[in-house]
file protein-v3.txt (compact mmCIF, C-alpha atoms)
# COMPACT_ATOMS: atom_id res chain seq x y z
CA MET A 1 -0.16 19.78 -17.07
CA SER A 2 -1.55 16.51 -18.45
CA SER A 3 -1.50 15.76 -22.18
CA GLN A 4 -2.10 11.99 -22.02
CA LEU A 5 -4.22 10.55 -24.83
CA LEU A 6 -7.48 8.80 -24.07
CA SER A 7 -7.18 5.16 -23.11
CA PRO A 8 -8.71 2.75 -25.67
CA SER A 9 -10.88 1.27 -22.92
CA VAL A 10 -12.67 2.53 -19.84
CA ARG A 11 -10.87 1.69 -16.59
CA ARG A 12 -12.36 0.87 -13.21
CA VAL A 13 -12.12 3.68 -10.69
CA ALA A 14 -11.09 2.78 -7.15
CA VAL A 15 -12.20 4.68 -4.07
CA VAL A 16 -8.96 4.39 -2.10
CA GLY A 17 -9.96 6.26 1.05
CA GLY A 18 -11.07 9.54 2.53
CA ALA A 19 -10.35 12.16 5.15
CA ARG A 20 -12.55 14.85 6.65
CA ILE A 21 -12.61 17.15 9.62
CA PRO A 22 -15.37 16.75 12.23
CA PHE A 23 -18.44 18.70 11.20
CA ALA A 24 -19.45 21.57 13.50
CA ARG A 25 -22.64 23.54 14.01
CA SER A 26 -22.49 27.01 12.51
CA ASP A 27 -21.21 29.84 14.72
CA GLY A 28 -19.44 27.27 16.87
CA PRO A 29 -15.84 25.98 16.94
CA TYR A 30 -15.25 26.82 13.27
CA ALA A 31 -16.92 30.25 13.34
CA THR A 32 -13.71 31.95 12.16
CA ALA A 33 -12.49 29.15 9.87
CA SER A 34 -12.64 29.79 6.13
CA ASN A 35 -13.57 27.29 3.45
CA GLN A 36 -9.92 27.19 2.44
CA GLU A 37 -8.67 26.53 5.98
CA MET A 38 -11.13 23.69 6.55
CA LEU A 39 -10.56 22.12 3.14
CA THR A 40 -6.80 22.33 3.61
CA ALA A 41 -7.07 20.49 6.94
CA ALA A 42 -9.10 17.69 5.35
CA LEU A 43 -6.78 17.50 2.33
CA ASP A 44 -3.65 17.40 4.49
CA GLY A 45 -5.16 14.54 6.47
CA LEU A 46 -5.48 12.58 3.23
CA VAL A 47 -2.00 13.57 2.03
CA GLU A 48 -0.42 12.42 5.28
CA ARG A 49 -2.30 9.15 5.44
CA TYR A 50 -1.46 8.07 1.88
CA GLY A 51 1.93 9.77 1.43
CA LEU A 52 0.79 12.01 -1.39
CA GLN A 53 3.65 14.50 -1.12
CA GLY A 54 5.94 15.15 -4.07
CA PRO A 55 5.53 15.95 -7.77
CA GLY A 56 3.01 13.80 -9.62
CA ALA A 57 1.69 12.12 -6.47
CA VAL A 58 -1.87 12.69 -7.74
CA GLY A 59 -3.16 13.78 -11.13
CA GLU A 60 -5.37 16.63 -9.95
CA PHE A 61 -7.55 18.04 -7.18
CA VAL A 62 -11.19 18.97 -7.75
CA ALA A 63 -13.41 20.49 -5.06
CA GLY A 64 -15.97 23.17 -4.42
CA ALA A 65 -18.09 25.15 -2.01
CA VAL A 66 -21.63 26.45 -2.18
CA LEU A 67 -21.28 29.56 0.00
CA LYS A 68 -18.22 31.25 -1.49
CA HIS A 69 -16.53 34.57 -0.84
CA ALA A 70 -14.93 36.45 -3.72
CA ARG A 71 -11.62 35.25 -2.30
CA ASP A 72 -12.77 31.66 -2.92
CA PHE A 73 -13.03 32.12 -6.70
CA ASN A 74 -10.13 29.63 -7.12
CA LEU A 75 -10.77 27.65 -3.95
CA ALA A 76 -9.40 24.25 -5.01
CA ARG A 77 -6.16 25.66 -6.37
CA GLU A 78 -5.56 27.99 -3.42
CA THR A 79 -6.30 25.14 -1.01
CA LEU A 80 -3.81 22.94 -2.82
CA LEU A 81 -1.10 25.61 -2.70
CA GLY A 82 -1.47 25.74 1.08
CA SER A 83 -1.50 21.96 1.51
CA GLY A 84 0.97 19.09 1.37
CA LEU A 85 0.17 18.35 -2.27
CA HIS A 86 2.86 19.47 -4.69
CA PRO A 87 2.27 22.90 -6.28
CA SER A 88 2.59 21.37 -9.75
CA THR A 89 -0.72 19.52 -9.22
CA PRO A 90 -3.60 21.01 -11.26
CA ALA A 91 -6.81 21.92 -9.43
CA TYR A 92 -10.22 23.31 -10.30
CA ASP A 93 -13.56 24.19 -8.70
CA ILE A 94 -16.96 22.61 -9.24
CA GLN A 95 -20.39 23.41 -7.77
CA GLN A 96 -23.78 21.74 -7.84
CA ALA A 97 -25.31 22.84 -4.54
CA CYS A 98 -25.55 19.94 -2.06
CA GLY A 99 -24.43 17.54 -4.81
CA THR A 100 -21.05 19.29 -5.14
CA GLY A 101 -18.98 16.73 -3.22
CA LEU A 102 -20.37 13.76 -5.14
CA GLN A 103 -20.19 15.62 -8.45
CA ALA A 104 -16.51 16.37 -7.74
CA VAL A 105 -15.94 12.65 -7.25
CA ILE A 106 -17.69 11.92 -10.55
CA ALA A 107 -15.66 14.56 -12.43
CA ALA A 108 -12.38 13.12 -11.17
CA ALA A 109 -13.52 9.55 -11.76
CA ASN A 110 -14.36 10.28 -15.40
CA LYS A 111 -10.79 11.41 -16.10
CA ILE A 112 -9.37 8.35 -14.38
CA ALA A 113 -11.75 6.04 -16.25
CA LEU A 114 -10.71 7.57 -19.58
CA GLY A 115 -7.01 7.30 -18.83
CA GLN A 116 -6.34 11.05 -18.70
CA ILE A 117 -5.01 10.81 -15.13
CA ASP A 118 -4.23 7.88 -12.83
CA SER A 119 -5.31 9.40 -9.51
CA ALA A 120 -7.15 12.39 -8.09
CA VAL A 121 -8.49 13.91 -4.90
CA ALA A 122 -12.08 15.18 -4.83
CA GLY A 123 -13.98 16.96 -2.11
CA GLY A 124 -15.71 20.02 -0.84
CA ALA A 125 -16.10 22.45 2.04
CA ASP A 126 -18.70 24.87 3.31
CA THR A 127 -19.07 27.28 6.18
CA ALA A 128 -22.42 28.66 7.21
CA SER A 129 -20.62 30.70 9.90
CA ASP A 130 -18.38 32.68 7.56
CA ALA A 131 -21.05 33.28 4.92
CA PRO A 132 -20.27 36.06 2.45
CA LEU A 133 -22.06 39.38 2.93
CA GLY A 134 -22.76 41.25 -0.27
CA VAL A 135 -23.07 44.98 -0.76
CA ASN A 136 -26.70 46.09 -0.85
CA ASP A 137 -27.62 45.97 -4.53
CA SER A 138 -28.94 49.51 -4.55
CA LEU A 139 -25.66 50.72 -3.03
CA ARG A 140 -23.72 48.66 -5.56
CA ARG A 141 -25.49 50.42 -8.42
CA ILE A 142 -24.72 53.82 -6.90
CA LEU A 143 -21.03 52.93 -6.48
CA LEU A 144 -20.88 51.82 -10.09
CA GLU A 145 -22.42 55.12 -11.09
CA VAL A 146 -19.72 56.89 -9.06
CA ARG A 147 -17.03 54.91 -10.83
CA ARG A 148 -18.43 55.81 -14.25
CA ALA A 149 -18.78 59.52 -13.40
CA LYS A 150 -16.55 61.79 -15.52
CA SER A 151 -16.13 64.66 -13.05
CA PRO A 152 -15.90 65.32 -9.29
CA GLY A 153 -19.31 67.00 -9.40
CA ALA A 154 -20.92 63.99 -11.05
CA ARG A 155 -19.35 61.72 -8.45
CA LEU A 156 -20.68 63.82 -5.59
CA LYS A 157 -24.12 63.87 -7.20
CA ALA A 158 -24.14 60.08 -7.37
CA LEU A 159 -22.90 59.71 -3.77
CA ALA A 160 -25.66 62.03 -2.59
CA LYS A 161 -28.13 59.27 -3.47
CA VAL A 162 -26.82 57.04 -0.65
CA ARG A 163 -29.38 56.53 2.13
CA PRO A 164 -29.04 54.72 5.50
CA GLY A 165 -31.01 51.75 4.14
CA HIS A 166 -28.37 51.23 1.48
CA LEU A 167 -25.87 50.28 4.20
CA VAL A 168 -27.77 47.10 5.10
CA PRO A 169 -25.77 44.19 3.55
CA ASP A 170 -27.20 41.41 1.41
CA ILE A 171 -27.04 38.22 3.45
CA PRO A 172 -27.22 34.80 1.73
CA ARG A 173 -30.68 33.30 2.16
CA ASN A 174 -31.57 29.64 2.38
CA ALA A 175 -34.26 30.15 -0.23
CA GLU A 176 -34.83 29.17 -3.83
CA PRO A 177 -34.58 32.24 -6.09
CA ARG A 178 -37.47 31.00 -8.27
CA THR A 179 -39.91 30.51 -5.43
CA GLY A 180 -38.67 32.44 -2.40
CA LEU A 181 -39.28 29.36 -0.26
CA SER A 182 -36.55 27.92 1.94
CA MET A 183 -35.44 24.34 1.45
CA GLY A 184 -37.23 23.45 4.68
CA GLU A 185 -40.48 24.99 3.48
CA HIS A 186 -40.22 23.08 0.19
CA ALA A 187 -39.60 19.87 2.15
CA ALA A 188 -42.65 20.63 4.28
CA VAL A 189 -44.78 20.87 1.12
CA THR A 190 -43.56 17.43 0.03
CA ALA A 191 -44.10 15.99 3.51
CA ARG A 192 -47.72 17.17 3.49
CA ALA A 193 -48.35 16.01 -0.07
CA ARG A 194 -46.99 12.53 0.64
CA GLY A 195 -48.41 12.22 4.13
CA ILE A 196 -45.08 11.69 5.89
CA PRO A 197 -45.92 11.33 9.61
CA ARG A 198 -44.05 13.10 12.43
CA ASP A 199 -43.21 9.94 14.39
CA ALA A 200 -41.55 8.32 11.35
CA GLN A 201 -39.40 11.42 10.88
CA ASP A 202 -38.35 11.47 14.53
CA GLN A 203 -37.57 7.75 14.42
CA LEU A 204 -35.29 8.24 11.42
CA ALA A 205 -33.51 11.16 13.11
CA ALA A 206 -33.00 9.31 16.39
CA THR A 207 -31.65 6.28 14.54
CA SER A 208 -29.17 8.47 12.64
CA HIS A 209 -27.72 9.81 15.90
CA GLN A 210 -27.63 6.41 17.54
CA ARG A 211 -25.88 4.77 14.60
CA LEU A 212 -23.32 7.56 14.23
CA ALA A 213 -22.55 7.34 17.95
CA ALA A 214 -22.11 3.56 17.69
CA ALA A 215 -19.77 3.98 14.71
CA TYR A 216 -17.59 6.40 16.67
CA GLU A 217 -17.57 4.11 19.70
CA ARG A 218 -16.28 1.15 17.69
CA GLY A 219 -13.53 3.27 16.12
CA PHE A 220 -14.97 3.26 12.62
CA PHE A 221 -14.01 6.89 11.95
CA GLN A 222 -10.50 6.67 13.39
CA ASP A 223 -8.88 6.75 9.94
CA LEU A 224 -11.53 8.92 8.28
CA VAL A 225 -11.85 11.92 10.62
CA VAL A 226 -8.97 14.36 11.26
CA PRO A 227 -9.22 16.41 14.50
CA PHE A 228 -9.58 20.14 13.87
CA ARG A 229 -9.85 23.14 16.17
CA GLY A 230 -10.43 21.05 19.26
CA LEU A 231 -13.05 18.73 17.75
CA ALA A 232 -12.46 15.01 17.34
CA ARG A 233 -16.02 14.02 16.43
CA ASP A 234 -19.04 15.67 14.83
CA GLN A 235 -20.37 18.36 17.15
CA ASN A 236 -24.00 17.88 16.14
CA LEU A 237 -23.98 14.25 17.35
CA ARG A 238 -26.45 13.58 20.17
CA PRO A 239 -25.85 9.97 21.30
CA GLY A 240 -28.82 10.09 23.65
CA SER A 241 -31.35 11.04 20.98
CA THR A 242 -34.66 9.20 21.24
CA VAL A 243 -38.02 9.47 19.57
CA GLU A 244 -39.49 10.65 22.88
CA LYS A 245 -36.98 13.53 23.19
CA LEU A 246 -37.44 14.58 19.56
CA ALA A 247 -41.23 14.47 19.94
CA ALA A 248 -40.99 17.32 22.47
CA LEU A 249 -39.56 19.75 19.89
CA LYS A 250 -41.78 22.33 18.24
CA PRO A 251 -42.20 22.37 14.44
CA VAL A 252 -40.18 24.99 12.56
CA PHE A 253 -41.31 24.46 8.94
CA GLY A 254 -44.76 24.43 7.39
CA LEU A 255 -46.23 26.48 10.24
CA GLY A 256 -48.85 28.02 7.99
CA HIS A 257 -50.63 24.68 7.64
CA PRO A 258 -52.37 22.33 10.10
CA ASP A 259 -50.27 19.78 11.98
CA PRO A 260 -46.74 20.69 10.83
CA THR A 261 -44.26 17.83 11.34
CA MET A 262 -40.77 19.19 10.65
CA THR A 263 -38.63 20.28 13.61
CA ALA A 264 -35.04 21.27 14.20
CA GLY A 265 -34.48 17.71 15.41
CA ASN A 266 -35.60 15.96 12.22
CA SER A 267 -33.97 18.57 9.96
CA THR A 268 -30.28 19.06 9.25
CA PRO A 269 -28.68 22.03 11.04
CA LEU A 270 -26.51 24.67 9.38
CA THR A 271 -23.01 23.23 9.50
CA ASP A 272 -19.33 23.96 8.85
CA GLY A 273 -16.89 21.33 7.57
CA ALA A 274 -14.85 19.79 4.76
CA ALA A 275 -14.23 16.32 3.30
CA THR A 276 -11.95 14.72 0.70
CA VAL A 277 -11.71 11.39 -1.16
CA LEU A 278 -8.75 9.73 -2.92
CA LEU A 279 -9.62 8.06 -6.25
CA ALA A 280 -7.34 6.08 -8.52
CA SER A 281 -7.00 3.44 -11.20
CA GLU A 282 -6.49 -0.15 -10.09
CA GLU A 283 -2.92 -0.05 -11.39
CA TRP A 284 -2.05 3.08 -9.41
CA ALA A 285 -3.38 1.53 -6.21
CA ARG A 286 -1.65 -1.81 -6.85
CA GLU A 287 1.73 -0.17 -7.46
CA ARG A 288 1.50 1.43 -4.01
CA GLY A 289 0.37 -1.69 -2.22
CA LEU A 290 -3.10 -0.31 -1.55
CA GLU A 291 -6.21 -2.48 -1.46
CA PRO A 292 -9.15 -0.29 -2.54
CA PRO A 293 -12.17 -0.75 -0.28
CA ALA A 294 -14.58 -0.15 -3.19
CA TYR A 295 -14.98 0.91 -6.81
CA LEU A 296 -17.20 3.62 -8.28
CA THR A 297 -19.14 1.79 -10.99
CA ALA A 298 -22.09 4.01 -11.99
CA TYR A 299 -23.51 7.48 -11.47
CA GLU A 300 -26.51 9.47 -12.59
CA THR A 301 -27.89 12.98 -12.18
CA ALA A 302 -31.44 14.26 -12.59
CA ALA A 303 -33.50 17.40 -12.14
CA VAL A 304 -37.19 18.13 -11.55
CA ASP A 305 -39.52 21.05 -12.22
CA PHE A 306 -40.03 21.98 -8.58
CA VAL A 307 -41.42 25.39 -9.56
CA GLY A 308 -44.32 23.68 -11.32
CA GLY A 309 -44.29 21.01 -8.61
CA ASP A 310 -44.08 22.36 -5.06
CA VAL A 311 -45.37 25.78 -6.01
CA ALA A 312 -48.04 24.80 -8.53
CA GLY A 313 -49.22 21.73 -6.63
CA GLY A 314 -47.61 19.17 -8.92
CA GLU A 315 -45.98 15.93 -7.84
CA ASP A 316 -42.30 16.84 -7.97
CA GLY A 317 -40.83 18.55 -4.91
CA LEU A 318 -37.56 20.46 -4.68
CA LEU A 319 -35.62 17.51 -3.22
CA MET A 320 -37.17 14.69 -5.25
CA ALA A 321 -34.77 14.42 -8.22
CA PRO A 322 -33.23 11.16 -6.86
CA ALA A 323 -36.67 9.61 -7.44
CA TYR A 324 -35.77 9.85 -11.14
CA ALA A 325 -31.98 9.51 -11.09
CA VAL A 326 -31.89 6.22 -9.19
CA PRO A 327 -34.42 4.34 -11.38
CA ARG A 328 -32.52 5.43 -14.52
CA MET A 329 -29.20 4.40 -13.03
CA LEU A 330 -30.49 1.02 -11.87
CA GLU A 331 -32.03 0.32 -15.27
CA ARG A 332 -28.71 1.05 -16.98
CA ALA A 333 -26.87 -1.16 -14.51
CA GLY A 334 -29.45 -3.95 -14.66
CA LEU A 335 -29.95 -3.81 -10.90
CA GLY A 336 -32.79 -3.50 -8.38
CA LEU A 337 -32.83 -2.18 -4.83
CA ASP A 338 -32.59 -5.75 -3.56
CA ASP A 339 -29.14 -5.99 -5.16
CA PHE A 340 -27.70 -3.47 -2.68
CA ASP A 341 -26.21 -4.46 0.65
CA LEU A 342 -26.12 -0.85 1.83
CA VAL A 343 -28.03 2.31 0.91
CA GLU A 344 -26.83 5.83 1.73
CA ILE A 345 -29.41 8.60 1.38
CA HIS A 346 -28.31 12.11 2.32
CA GLU A 347 -30.53 13.23 5.18
CA ALA A 348 -31.27 16.86 4.36
CA PHE A 349 -34.53 16.28 6.24
CA ALA A 350 -36.00 13.09 7.64
CA SER A 351 -39.17 13.78 5.65
CA GLN A 352 -37.18 14.01 2.41
CA VAL A 353 -35.55 10.60 3.02
CA LEU A 354 -38.94 9.03 3.68
CA ALA A 355 -40.45 10.73 0.63
CA THR A 356 -37.60 9.41 -1.54
CA LEU A 357 -38.10 5.86 -0.27
CA ALA A 358 -41.83 6.14 -0.95
CA ALA A 359 -41.19 7.46 -4.47
CA TRP A 360 -38.84 4.58 -5.28
CA GLU A 361 -41.45 2.12 -4.07
CA LYS A 362 -44.14 3.85 -6.13
CA ARG A 363 -41.93 3.53 -9.20
CA GLY A 364 -41.69 -0.22 -8.68
CA LEU A 365 -38.18 -0.40 -7.23
CA GLY A 366 -39.32 -2.11 -4.05
CA THR A 367 -38.57 -1.24 -0.45
CA VAL A 368 -35.30 -0.59 1.34
CA ASP A 369 -34.68 -2.62 4.48
CA ARG A 370 -34.01 -0.02 7.21
CA ALA A 371 -31.23 -2.23 8.54
CA ARG A 372 -29.31 -1.42 5.34
CA LEU A 373 -30.07 2.32 5.31
CA ASN A 374 -27.45 4.82 6.59
CA VAL A 375 -25.97 2.20 8.89
CA ALA A 376 -23.30 4.55 10.31
CA GLY A 377 -25.63 7.52 10.63
CA SER A 378 -25.89 10.36 8.14
CA SER A 379 -26.50 14.09 7.78
CA LEU A 380 -29.14 14.46 10.52
CA ALA A 381 -26.44 13.38 12.99
CA THR A 382 -23.21 14.52 11.34
CA GLY A 383 -24.54 17.82 10.05
CA HIS A 384 -24.40 18.97 6.44
CA PRO A 385 -21.69 21.36 5.17
CA PHE A 386 -23.27 21.54 1.72
CA ALA A 387 -20.34 20.78 -0.60
CA ALA A 388 -18.66 18.35 1.81
CA THR A 389 -21.49 15.85 2.24
CA GLY A 390 -21.00 13.89 -0.98
CA ALA A 391 -17.34 13.22 -0.26
CA ARG A 392 -18.19 12.21 3.31
CA ILE A 393 -20.74 9.69 2.09
CA VAL A 394 -18.44 8.18 -0.57
CA ALA A 395 -15.59 7.60 1.90
CA THR A 396 -17.93 6.26 4.58
CA LEU A 397 -19.75 3.86 2.25
CA ALA A 398 -16.50 2.57 0.73
CA LYS A 399 -15.20 1.62 4.18
CA LEU A 400 -18.54 0.08 5.19
CA LEU A 401 -18.45 -2.12 2.08
CA ALA A 402 -14.86 -3.16 2.85
CA GLU A 403 -15.96 -4.42 6.28
CA ARG A 404 -18.34 -6.95 4.73
CA ASP A 405 -17.34 -10.49 3.82
CA GLY A 406 -17.09 -11.00 0.09
CA PRO A 407 -18.55 -8.87 -2.71
CA ALA A 408 -20.86 -6.03 -1.72
CA ARG A 409 -22.67 -3.15 -3.38
CA GLY A 410 -23.82 0.25 -2.10
CA LEU A 411 -26.18 2.94 -3.41
CA ILE A 412 -25.71 6.70 -2.86
CA SER A 413 -28.51 9.25 -3.25
CA VAL A 414 -28.00 12.99 -2.72
CA CYS A 415 -30.68 15.64 -3.24
CA ALA A 416 -29.65 19.20 -4.02
CA ALA A 417 -31.01 22.72 -4.24
CA GLY A 418 -32.43 23.79 -7.57
CA GLY A 419 -34.43 20.57 -7.86
CA GLN A 420 -31.40 18.40 -8.63
CA GLY A 421 -30.10 15.01 -7.54
CA VAL A 422 -26.78 13.18 -7.81
CA THR A 423 -26.58 9.40 -7.33
CA ALA A 424 -23.91 6.73 -7.59
CA ILE A 425 -23.08 3.05 -7.07
CA LEU A 426 -20.04 1.70 -5.19
CA GLU A 427 -19.03 -1.95 -5.41
CA ARG A 428 -16.53 -4.20 -3.70
CA ALA A 429 -15.42 -7.15 -5.81

call {"tool": "encode", "arguments": {"input": "protein-v3.txt", "output": "structure tokens"}}
result
Amino acid sequence: MSSQLLSPSVRRVAVVGGARIPFARSDGPYATASNQEMLTAALDGLVERYGLQGPGAVGEFVAGAVLKHARDFNLARETLLGSGLHPSTPAYDIQQACGTGLQAVIAAANKIALGQIDSAVAGGADTASDAPLGVNDSLRRILLEVRRAKSPGARLKALAKVRPGHLVPDIPRNAEPRTGLSMGEHAAVTARARGIPRDAQDQLAATSHQRLAAAYERGFFQDLVVPFRGLARDQNLRPGSTVEKLAALKPVFGLGHPDPTMTAGNSTPLTDGAATVLLASEEWARERGLEPPAYLTAYETAAVDFVGGDVAGGEDGLLMAPAYAVPRMLERAGLGLDDFDLVEIHEAFASQVLATLAAWEKRGLGTVDRARLNVAGSSLATGHPFAATGARIVATLAKLLAERDGPARGLISVCAAGGQGVTAILERA
């Protein structure tokens, strides 16, 4: 338990390194792996690499998942208790849809910056294979009525209301509760509204696969990815992806409108996986002889009215919050897009990345050189276990910055369900 007083000044927060398991397509190699099992594997990879065993090795562990079973109510703490971190290390959960991993990093970084702790591990995990199945809501109400009944006769009367249809479970849906539209359908609305062409989407997707494959081939992920359940690299990776091959795929979203453009190839698949990041103060890293690859220097969140946007025909789509978060963050930091050597945009859909770039340009931020965008591939190639993506991106970008000669700066942009966005800046001095 930490009781340290606030530091009189804000400290720089170092991104020391990361560890994740290879991401797998749902109902594949990790079909029977729980969030806790996957997150433990990623966390243990980090513990082993940086020697984080023993009391007080890190200040705390913060992580989350989007699709959670009742057993995952204390996911971070239970994961920690099954890992190599010492049981005396505090842990807590956090959740902000697809922004969870990056928001976990921000939460830990704030405590380090304020001097409450000197180090922390942040991360996330998600399984689309082992998604929780809820009791049919009508059946749930009947069972509650049974529980409240005061006599055997009243219980039998309540149970007599059960019908075969009540036995059908509630399955999590990839749909926004306020609109009933899936994330893909919302993205299709934005793609139509902004005129995002099919060939540009396929080009972005093919490039993501090609760049991820090249990064694996040169050994970039050797110290970032921990083998798990027979996988040593991301299962969704298709090294031979080309625009021509992707062009042959049929659209899967926006089918109720002319000329739909979004396919399974230029959209992120349902994915299982977990990722972690080690954060620390400069002093903590220096005492252990570690040279941080980058520092977390700014972050910003935003939200948009997608209900009045996508649904009512307004400008703001479900995944467009980074169009507001990034301009605000850059204004605070006194920076422009030209000041960034690398840009990492989470690829929920190729159309969403292109729409975000167009929105930044419309808001006067300028254009992003594609040679600086997602240079080691991103979610279209790796896959997207919702809560793990932010941590994956932070660790990847930090190492990419460390490979460059001299000072370098990187931008992170993550869109999230509920019309939200989480963004951040990493810098190497």

call {"tool": "residues_around", "arguments": {"input": "protein-v3.txt", "residues": "Ala388 in chain A", "least_positions_apart": "2", "cutoff": "7 Å", "atoms": "all atoms listed in the file", "output": "list in words"}}
result
Gly101, Gly123, Gly124, Ala125, Asp126, Gly273, Ala274, Ala275, Pro385, Phe386, Gly390, Ala391 and Arg392 of chain A

call {"tool": "write_last_selection", "arguments": {"input": "protein-v3.txt", "atoms": "C-alpha atoms", "output": "short mmCIF file (atom, residue, chain, number, x, y, z; two decimals), in the frame of the given file"}}
result
data_model
loop_
_atom_site.label_atom_id
_atom_site.label_comp_id
_atom_site.auth_asym_id
_atom_site.auth_seq_id
_atom_site.Cartn_x
_atom_site.Cartn_y
_atom_site.Cartn_z
CA GLY A 101 -18.98 16.73 -3.22
CA GLY A 123 -13.98 16.96 -2.11
CA GLY A 124 -15.71 20.02 -0.84
CA ALA A 125 -16.10 22.45 2.04
CA ASP A 126 -18.70 24.87 3.31
CA GLY A 273 -16.89 21.33 7.57
CA ALA A 274 -14.85 19.79 4.76
CA ALA A 275 -14.23 16.32 3.30
CA PRO A 385 -21.69 21.36 5.17
CA PHE A 386 -23.27 21.54 1.72
CA GLY A 390 -21.00 13.89 -0.98
CA ALA A 391 -17.34 13.22 -0.26
CA ARG A 392 -18.19 12.21 3.31
#

call {"tool": "atom_distance", "arguments": {"input": "protein-v3.txt", "atom1": "CA of Asp305 in chain A", "atom2": "CA of Ala108 in chain A"}}
result
28.3 Å

call {"tool": "atom_distance", "arguments": {"input": "protein-v3.txt", "atom1": "CA of Gly17 in chain A", "atom2": "CA of Phe221 in chain A"}}
result
11.6 Å

call {"tool": "closest_residue", "arguments": {"input": "protein-v3.txt", "among": "A:Val146, A:Leu181, A:Ala104, A:Ala348", "to": "Val307 in chain A", "atoms": "all atoms listed in the file"}}
result
A:Leu181

call {"tool": "atom_distance", "arguments": {"input": "protein-v3.txt", "atom1": "CA of Ala325 in chain A", "atom2": "CA of Thr301 in chain A"}}
result
5.5 Å

call {"tool": "residues_near_point", "arguments": {"input": "protein-v3.txt", "point": "(-11.2, 23.7, 4.7)", "cutoff": "9 Å", "atoms": "all atoms listed in the file", "output": "list of chain:residue names"}}
result
A:Ile21, A:Ala33, A:Ser34, A:Asn35, A:Gln36, A:Glu37, A:Met38, A:Leu39, A:Thr40, A:Ala41, A:Ala42, A:Leu43, A:Thr79, A:Gly124, A:Ala125, A:Asp126, A:Thr127, A:Gly273, A:Ala274, A:Ala275

call {"tool": "residues_around", "arguments": {"input": "protein-v3.txt", "residues": "Met320 in chain A", "least_positions_apart": "3", "cutoff": "9 Å", "atoms": "all atoms listed in the file", "output": "PyMOL selection string"}}
result
chain A and resi 190+303-304+306+316-317+323-324+352+355-356+359+415-416+419-421

call {"tool": "closest_residue", "arguments": {"input": "protein-v3.txt", "among": "A:Gly314, A:Gly256, A:Gly28, A:Gly165", "to": "Ala128 in chain A", "atoms": "all atoms listed in the file"}}
result
A:Gly28

call {"tool": "residues_around", "arguments": {"input": "protein-v3.txt", "residues": "Glu78 in chain A", "least_positions_apart": "4", "cutoff": "9 Å", "atoms": "only C-alpha atoms", "output": "number ranges by chain"}}
result
A: 36, 72, 74, 82-83, 91
